[in-house]
Amino acid sequence: MSTDDVLLGLGLVIVLAVGSQLVAGRLRLPAIVVLLPVGFLAGIATDDVHPDALLGALYQPFVSLAVGLILFEAGLRLSVREIGLLVTVGVLVTWAGIWGATALLFDDLGDLVPLLIGAVLVVSGPTVVLPLLSFVRPAPRVRSLLMWEGVLVDPIGALLGVIVFHAVLSAGSHGQLWRPGEMLVSILVGAAVGVVAAAILWFLLQETQRTVPRQAVPAVLMMVAAALVGADLIREDAGFVATTLMGAALANQRKIDVSLMLEFHGTLVQMLIGALFVLISASVSPSDVNAVLPGALALVAIMVLVIRPLAVALATWRSGLDLRERAFVAWMAPRGIVAGATASAFGLELEQAHVPGAQHILPIVFVAIFATVVIYGLTAAPVARLLGVAEATGRVVLVVGGTPWARAIAASLKSAGLGVRLWSGRAVDQEAARAVGLTAERGKMMLDAISRETELEDVTDALLLTGNDDFNALAALALRTELGHGRVYRAAPDLDETDLFAPAGEQGILGTDQLTSAELGRRFAAGARLVEAPVNGGMADGAVALFVVTAGGDLRVASAGKSPPVKAGDRVIALAGAG
């Protein structure tokens, strides 16, 4: 390829990678749903994005480095305290089931490749599961179980895949018998390098916290790359073990906040994931897919209809879930980013080691990923409704604050048809909220980055209604980076009482500047109430419109004294009385 061809190819990969993620975010779909077909079609339409032509000998090192970073990020999510039966018993049952089914369906894979495909396809992952849960919104117990399975099965499945990969590589290279000693040496070398790198990064992050916090991300990138390359130079293929265990070691310490390390996931790793999947998909030709398609579709059917229900039945035996909830959990196991990334990396290396059947690993996993995401993406919502485990769809409003007037606002929004969650630290406020039918808990947003990501996944809007104006201001600033401007509102601050100056021209003040937390508390204590005002009529004397819930289930909030537009069929919630 000429210099212009390479430039065009690299530009196309970046445009397709980022563009696909933007489209997926706009459609509220897992990014992989768009990335896989876009890359596949680009590989058919042009040779400029084909990795062998575009990158040549650089392709495998690029894949290894990208997968190493992805596995490090997956390891950061591995909390030993949270591991349950669904990610232990469930993983083992899934691995054994897919291994056996693959061996039966494909005669030309040998004895080793089905073992690895089974390990790769145990992985689901939060990048696929959380968007589906956000769309379906199942009952809290079901959502919590599936959410933590998605978060934890990534690193556990990745670690299992790395171990099995080493076993297959040791057994399959040059037709030699499996030598477990060699595999054990690779794992021990990777583990040792990972622990040393984690310790060095731990000290570096402690230093950057005190001096230059913005250098935390470069420090993470440096040490992950050093661990991957260093382990591979000491012992070939030990790098994946090093990066996965490095992330897991840091996830289970309590001295530093792992959010410092997860920050780079939203930029560099997201870019790598997009580029990697465009290249992976472009490398899979239609002939590769056609060669495995019948068997791969049969494998998906067995995974969906037999293996997943069996794994869930065994893992949730004697659990507190009822039959309907267990049935929905059994119908939710899409495969995602880590499965595709590890399949590409492992398949490339096993092909170069001349392991029989290695060339079919990526096409089989490619079909399994795409098919499971489509199946569960199209059917999860109707299955949840059929089983009666789906909560109200549409907007979900997070109300932060447990005062009587905050609870009244939350209850009014719920009665208007919106999903509502309330966060309050006091147990008595939580009980009072639950007594009027609200979902109430103590928010974990400030605990760590993983809790923040999972807690806010299904939230579309937030109201900061605590009695502490400074907290409301800081929390609003943080939540606007997660939910966007126009989605986060707070009670007006009392400028004579706050320790911090309010941002100049701040948007997102609920109602008017006079409706401070203290004023709202005084009004409700004096008998004020929230009423549904007529759409085509005047307000009662002194009434203030606060919210409009549209006929389509959208939420519009009055801010800076300006009432939102109202149409026929909308519901207006106003504050009346005690003015």
# chains A, B, ... in the order shown; residues from 1 in each chain; ligands from 1

call {"tool": "closest_atom_pairs", "arguments": {"of": "region 131-159 of chain A", "to": "region 60-80 of chain A", "cutoff": "9 Å", "atoms": "only C-alpha atoms", "output": "Markdown table"}}
result
| residue | atom | partner | partner_atom | distance |
| --- | --- | --- | --- | --- |
| A:Val151 | CA | A:Arg77 | CA | 6.3 |
| A:Leu152 | CA | A:Leu78 | CA | 5.5 |
| A:Val153 | CA | A:Leu78 | CA | 8.3 |
| A:Asp154 | CA | A:Ala74 | CA | 5.8 |
| A:Pro155 | CA | A:Ala74 | CA | 4.9 |
| A:Ile156 | CA | A:Leu78 | CA | 7.5 |
| A:Ala158 | CA | A:Leu71 | CA | 6.9 |
| A:Leu159 | CA | A:Leu71 | CA | 8.6 |

call {"tool": "residues_around", "arguments": {"residues": "Pro404 (chain A)", "least_positions_apart": "4", "cutoff": "8 Å", "atoms": "only C-alpha atoms", "output": "MDAnalysis selection string"}}
result
chainID A and resid 408 521 524

call {"tool": "closest_atom_pairs", "arguments": {"of": "region 350-439 of chain A", "to": "region 98-109 of chain A", "cutoff": "8 Å", "atoms": "only C-alpha atoms", "output": "CSV"}}
result
residue,atom,partner,partner_atom,distance
A:Pro356,CA,A:Leu109,CA,6.3
A:Gly357,CA,A:Leu109,CA,4.2
A:Ala358,CA,A:Leu109,CA,7.3
A:His360,CA,A:Leu109,CA,7.7

call {"tool": "write_last_selection", "arguments": {"atoms": "C-alpha atoms", "output": "compact mmCIF listing (two decimals), in the first residue's frame"}}
result
# COMPACT_ATOMS: atom_id res chain seq x y z
CA PRO A 356 -5.40 -27.02 14.05
CA GLY A 357 -8.72 -25.19 13.77
CA ALA A 358 -7.39 -21.86 15.14
CA HIS A 360 -12.14 -20.69 12.91

call {"tool": "residues_around", "arguments": {"residues": "Asp470 (chain A)", "least_positions_apart": "5", "cutoff": "7 Å", "atoms": "only C-alpha atoms", "output": "VMD selection string"}}
result
chain A and resid 498 to 500

call {"tool": "residues_around", "arguments": {"residues": "Gly25 (chain A)", "least_positions_apart": "5", "cutoff": "10 Å", "atoms": "only C-alpha atoms", "output": "ChimeraX atom specification"}}
result
/A:19-20,30-31,34,131

call {"tool": "residues_around", "arguments": {"residues": "Val89 (chain A)", "least_positions_apart": "5", "cutoff": "9 Å", "atoms": "only C-alpha atoms", "output": "number ranges by chain"}}
result
A: 84, 94, 311-312, 314-315
